[in-house]
Amino acid sequence: MTETASRLPASRLGNPEVRALSKADIGLRRRYAAERRFRAYGLAAVTIAICFLLVLFGSIVSKGYTAFLQTRITMMVDFDPAIVAPDGDRSAAAVMSGNAFRFDDLIAASLQKTLEIDPNDEDGLYDALDLLSKGSAPMLRSMIANDPSLIGTKRTVDFYATGDVDAFIKGTIRADVPESQRLIKDKHIVLIDKLKQEGSLHLAFNTGLFTNGASTRPEMAGVGVALVGSLYMMLVVLVLSLPLGVAGSIYLEEFAPKNRWTDLIEVNINNLAAVPSIVYGLLGLAVFINFAHLPRSASLVGGLVLTLTTLPTIIITTRAALKAVPPSIREAGLGIGASKMQTVFHHVLPLAMPGVLTGTIIGLAHALGETAPLLMIGMKAFIVEYPATPFDPATALPTQIYMWATEPERAFTERTSAAIIILLVFLLAMNSIAIILRRAFERRW
Amino acid sequence: MSAVQSVTPFETVRTPDPASRPTKIHTANVKVTYGQKQALHGVSIDIAEKAVTAFIGPSGCGKSTFLRCINRMNDSIAGARVEGTIKLDDQNIYDPDLDVVELRARVGMVFQKPNPFPKSIFDNVAYGPRIHGLARSKADLEEIVVTSLQKASLFNEVKDRLAEPGTGLSGGQQQRLCIARAIAVSPEVILMDEPCSALDPIATAKVEELIDELRANFTIVIVTHSMQQAARVSQRTAFFHLGHLIEEGPTDHVFTNPLEQRTQDYITGRFG
């Protein structure tokens, strides 16, 4: 009926002339109306879905895009040897030891010069220091430690502004709010305007968002550690779940006898796919951490838990892909004298490969966004240092989002959305890879 | 098939060959059950060497089941059980010591629907020799492929595109490619399960011609629904009905002078 309807021009649907072909009423008008209704439902459903998607992406992007830019304050710093290396030792170890406040003195001197603050005006200096991130002195210190030849020179240095100044520049903290309810006071605004006039204050691409680890100061916080942690976890998941899942599915689909036991296994795999992921987190906590004594918060444990959540998905999609291979291919292989295993690996698996890869990547994408089980195994720690191996403590992208979402500062709010954007970009990239691989491996038969 | 039909005892009507040929496959009292359902009720037949034997009969009569017993393709069907004796050159093929892979290299099969592998034409034919290690060198393999394609009278049509996928050929060419693939491992017997049912008349004629040529070197067993095809290509015909072998004999004899009423009814189109 559908074919007939689509071949007729729409204007002729239900036209009396068409119906006159057969005298008897065979309900054509009713049938076409039913089809039009069904199409309308479908269109409505798709439209609603697209609207929600647009709203979702719109709100995340509009909240998060500002985080990719960051306010910097550029100042000339005089790396005075008398302050940096008071005892004359310019080695990195000497820079990293000793009185930490001497680097604040460097910054204070720069600020006094840049903003022309009277050296005796202590309040004015502290107001100006409020504008700079509290991480500035440690940043300067490690900068000198990395390159001791800076000592004795004058260089311009890009300092991070505090999260509040950043929010003020981006307009999320507004000047028209009464001063008592504002984090940026009038005296700060005067200084900011002065910096702007001198061209010292500018917006730059926020590389720290991608490279920094956790920080209580939002302007210094980034998803670097979370990215590395997620990457390690994905590697663990891929290395474990792809071979295990594919081998398991091939065995179940092609070799296992069909009896009550394999039925039971099949039912249970389908059930496992529906188990809430936090339950896997509890299992991981009990087995991998409490029983096997693997390190807490480590990407290895996260990867192991995510492998458990991903395996059922991979097994189900792989079995579906194997089932979709026409039996005639198996007969052809067996009929020519190939062993069962040769038939499966030479003919069936290559044909099922697009499905297997798609299933695996979709499973990985799920695992990448999984949060609850990671919270259970402690992957929501405050971690500043990059994990060198999967055994080191790390966080993951979704848990980083979770942690930032609980912070009150404006700058953390926009970073939350920015981290969501980064996560979504990764998911989109993975799904695109799945589509590309599917196209590349697809063969007609 | 209903249980009512499993009447016993049953005697197959046999007409011996005037020109007696040596027996290639000897079967005695072959019974096949799929789970609870009995598909074959004790079939005994001797299949002559280097001749074409046609199995005819209505759908569901067990002829394909019987054919698939000869190279143990029924092994892969869950719940299928085969009883009785099937001997290939006096060797019981259901002997637990016999390797099914070796058996299938000796007894090739061509299926109802052309099923080339989604690989190149060359690789389709070369696959069997490769896995069985029949070629010592690349040149050897190429020779096997070319001769197999020639024997399947496909070579002239595909010689310029051996690297193209076998699935890109027409239906008739695909079926001849499958025959070439079966020939490439030098089997002794080729089983054909309705090889022309998916082909048009011209492609059918070509395949039939090919079967006639192949009979010089191979023992061929063909299942067909087309009475004309059986009459054209086979030397001996066996008529199956409801899991029984009703009648077997020289093809011209079975078609012109059937001894059984049911054979007569079937070949004249009164049922089936």
# chains A, B, ... in the order shown; residues from 1 in each chain; ligands from 1
$ interface_residues --of "chain A" --to "chain B" --cutoff "8 Å" --atoms "only C-alpha atoms" --output "ChimeraX atom specification"
/A:257-258,328-329,331-332,334-339,347,443-445
$ residues_around --residues "segment 317-320 of chain A" --least-positions-apart "4" --cutoff "6 Å" --atoms "only C-alpha atoms" --output "list in words"
Ser249, Val356 and Gly359 of chain A
$ residues_around --residues "Ile361 of chain A" --least-positions-apart "6" --cutoff "7 Å" --atoms "only C-alpha atoms" --output "list in words"
Met430, Asn431 and Ala434 of chain A
$ residues_around --residues "Ala203 of chain B" --least-positions-apart "5" --cutoff "8 Å" --atoms "only C-alpha atoms" --output "list in words"
Gly171, Gly172, Gln173 and Cys196 of chain B
$ select_by_dssp --residues "segment 17-204 of chain B" --states "strand (DSSP E)" --output "VMD selection string"
chain B and resid 23 to 34 37 to 48 52 to 56 80 to 88 91 to 92 107 to 110 189 to 193
$ write_last_selection --atoms "C-alpha atoms" --output "mmCIF file, in the first residue's frame"
data_model
loop_
_atom_site.group_PDB
_atom_site.id
_atom_site.type_symbol
_atom_site.label_atom_id
_atom_site.label_comp_id
_atom_site.auth_asym_id
_atom_site.auth_seq_id
_atom_site.Cartn_x
_atom_site.Cartn_y
_atom_site.Cartn_z
ATOM 1 C CA THR B 23 29.856 -47.649 -7.316
ATOM 2 C CA LYS B 24 31.381 -44.503 -5.812
ATOM 3 C CA ILE B 25 29.080 -43.974 -2.864
ATOM 4 C CA HIS B 26 27.290 -46.775 -1.141
ATOM 5 C CA THR B 27 24.533 -45.928 1.325
ATOM 6 C CA ALA B 28 22.396 -48.301 3.329
ATOM 7 C CA ASN B 29 19.391 -47.577 5.496
ATOM 8 C CA VAL B 30 20.193 -43.884 6.084
ATOM 9 C CA LYS B 31 17.842 -42.319 8.607
ATOM 10 C CA VAL B 32 17.922 -38.644 9.549
ATOM 11 C CA THR B 33 16.003 -36.997 12.354
ATOM 12 C CA TYR B 34 15.853 -33.301 13.147
ATOM 13 C CA LYS B 37 10.992 -34.982 13.204
ATOM 14 C CA GLN B 38 12.180 -37.829 11.025
ATOM 15 C CA ALA B 39 13.231 -36.535 7.630
ATOM 16 C CA LEU B 40 14.575 -39.727 6.060
ATOM 17 C CA HIS B 41 13.219 -43.232 6.676
ATOM 18 C CA GLY B 42 16.010 -45.572 5.699
ATOM 19 C CA VAL B 43 17.359 -44.678 2.287
ATOM 20 C CA SER B 44 19.640 -47.123 0.476
ATOM 21 C CA ILE B 45 21.185 -46.238 -2.839
ATOM 22 C CA ASP B 46 24.433 -46.833 -4.685
ATOM 23 C CA ILE B 47 25.720 -43.838 -6.570
ATOM 24 C CA ALA B 48 27.661 -44.592 -9.733
ATOM 25 C CA VAL B 52 25.321 -37.685 -12.898
ATOM 26 C CA THR B 53 22.717 -38.914 -10.446
ATOM 27 C CA ALA B 54 19.651 -36.711 -10.057
ATOM 28 C CA PHE B 55 17.481 -36.630 -6.955
ATOM 29 C CA ILE B 56 13.960 -35.519 -7.710
ATOM 30 C CA ALA B 80 20.270 -33.362 13.362
ATOM 31 C CA ARG B 81 21.010 -37.070 13.830
ATOM 32 C CA VAL B 82 22.150 -39.382 11.067
ATOM 33 C CA GLU B 83 21.972 -43.192 11.249
ATOM 34 C CA GLY B 84 22.881 -45.873 8.744
ATOM 35 C CA THR B 85 25.877 -46.415 6.527
ATOM 36 C CA ILE B 86 27.356 -44.048 3.985
ATOM 37 C CA LYS B 87 30.531 -45.281 2.372
ATOM 38 C CA LEU B 88 32.729 -43.359 0.006
ATOM 39 C CA GLN B 91 35.221 -45.923 3.726
ATOM 40 C CA ASN B 92 32.512 -45.083 6.214
ATOM 41 C CA VAL B 107 33.219 -34.308 -1.652
ATOM 42 C CA GLY B 108 32.634 -30.734 -2.820
ATOM 43 C CA MET B 109 29.332 -28.950 -2.753
ATOM 44 C CA VAL B 110 27.512 -26.335 -4.809
ATOM 45 C CA VAL B 189 32.359 -36.085 -5.872
ATOM 46 C CA ILE B 190 30.471 -32.842 -6.424
ATOM 47 C CA LEU B 191 27.125 -32.423 -4.707
ATOM 48 C CA MET B 192 24.792 -29.861 -6.242
ATOM 49 C CA ASP B 193 21.764 -28.682 -4.328
#
$ atom_distance --atom1 "atom CA of Ser142 of chain A" --atom2 "atom CA of Tyr386 of chain A"
16.1 Å
$ select_by_dssp --residues "segment 112-176 of chain A" --states "alpha helix (DSSP H)" --output "PyMOL selection string"
chain A and resi 112-114+122-131+136-146+163-169
$ write_last_selection --atoms "C-alpha atoms" --output "PDB file, in the first residue's frame"
ATOM      1  CA  GLN A 112      53.988  48.860  41.464  1.00  0.00           C
ATOM      2  CA  LYS A 113      55.820  49.744  38.287  1.00  0.00           C
ATOM      3  CA  THR A 114      53.016  48.847  35.867  1.00  0.00           C
ATOM      4  CA  GLU A 122      50.423  49.105  51.002  1.00  0.00           C
ATOM      5  CA  ASP A 123      46.622  49.026  50.592  1.00  0.00           C
ATOM      6  CA  GLY A 124      46.932  50.006  46.949  1.00  0.00           C
ATOM      7  CA  LEU A 125      49.445  47.175  46.424  1.00  0.00           C
ATOM      8  CA  TYR A 126      47.185  44.601  48.082  1.00  0.00           C
ATOM      9  CA  ASP A 127      44.224  45.723  45.954  1.00  0.00           C
ATOM     10  CA  ALA A 128      46.371  45.260  42.867  1.00  0.00           C
ATOM     11  CA  LEU A 129      47.579  41.854  44.088  1.00  0.00           C
ATOM     12  CA  ASP A 130      43.899  40.831  44.409  1.00  0.00           C
ATOM     13  CA  LEU A 131      43.656  40.983  40.643  1.00  0.00           C
ATOM     14  CA  SER A 136      51.162  33.536  40.149  1.00  0.00           C
ATOM     15  CA  ALA A 137      54.078  33.292  42.608  1.00  0.00           C
ATOM     16  CA  PRO A 138      54.421  29.481  42.313  1.00  0.00           C
ATOM     17  CA  MET A 139      54.142  29.885  38.530  1.00  0.00           C
ATOM     18  CA  LEU A 140      56.959  32.424  38.517  1.00  0.00           C
ATOM     19  CA  ARG A 141      59.055  30.201  40.769  1.00  0.00           C
ATOM     20  CA  SER A 142      58.774  27.112  38.581  1.00  0.00           C
ATOM     21  CA  MET A 143      59.372  29.286  35.531  1.00  0.00           C
ATOM     22  CA  ILE A 144      62.708  30.414  36.948  1.00  0.00           C
ATOM     23  CA  ALA A 145      63.563  26.928  38.155  1.00  0.00           C
ATOM     24  CA  ASN A 146      63.029  25.605  34.608  1.00  0.00           C
ATOM     25  CA  GLY A 163      38.621  33.899  38.329  1.00  0.00           C
ATOM     26  CA  ASP A 164      36.592  36.856  39.580  1.00  0.00           C
ATOM     27  CA  VAL A 165      38.446  39.374  37.415  1.00  0.00           C
ATOM     28  CA  ASP A 166      38.025  36.941  34.504  1.00  0.00           C
ATOM     29  CA  ALA A 167      34.289  36.768  35.177  1.00  0.00           C
ATOM     30  CA  PHE A 168      34.144  40.575  35.387  1.00  0.00           C
ATOM     31  CA  ILE A 169      35.927  40.977  32.054  1.00  0.00           C
TER      32      ILE A 169
END
$ closest_residue --among "A:Pro218, A:Pro312, A:Gly378, A:Pro398" --to "Ala274 of chain A" --atoms "only C-alpha atoms"
A:Pro312
$ closest_residue --among "A:Ala49, A:Leu374, A:Val236, A:Leu150" --to "Tyr280 of chain A" --atoms "only C-alpha atoms"
A:Leu374
$ atom_distance --atom1 "atom CA of Ala175 of chain A" --atom2 "atom CA of Phe159 of chain A"
23.1 Å
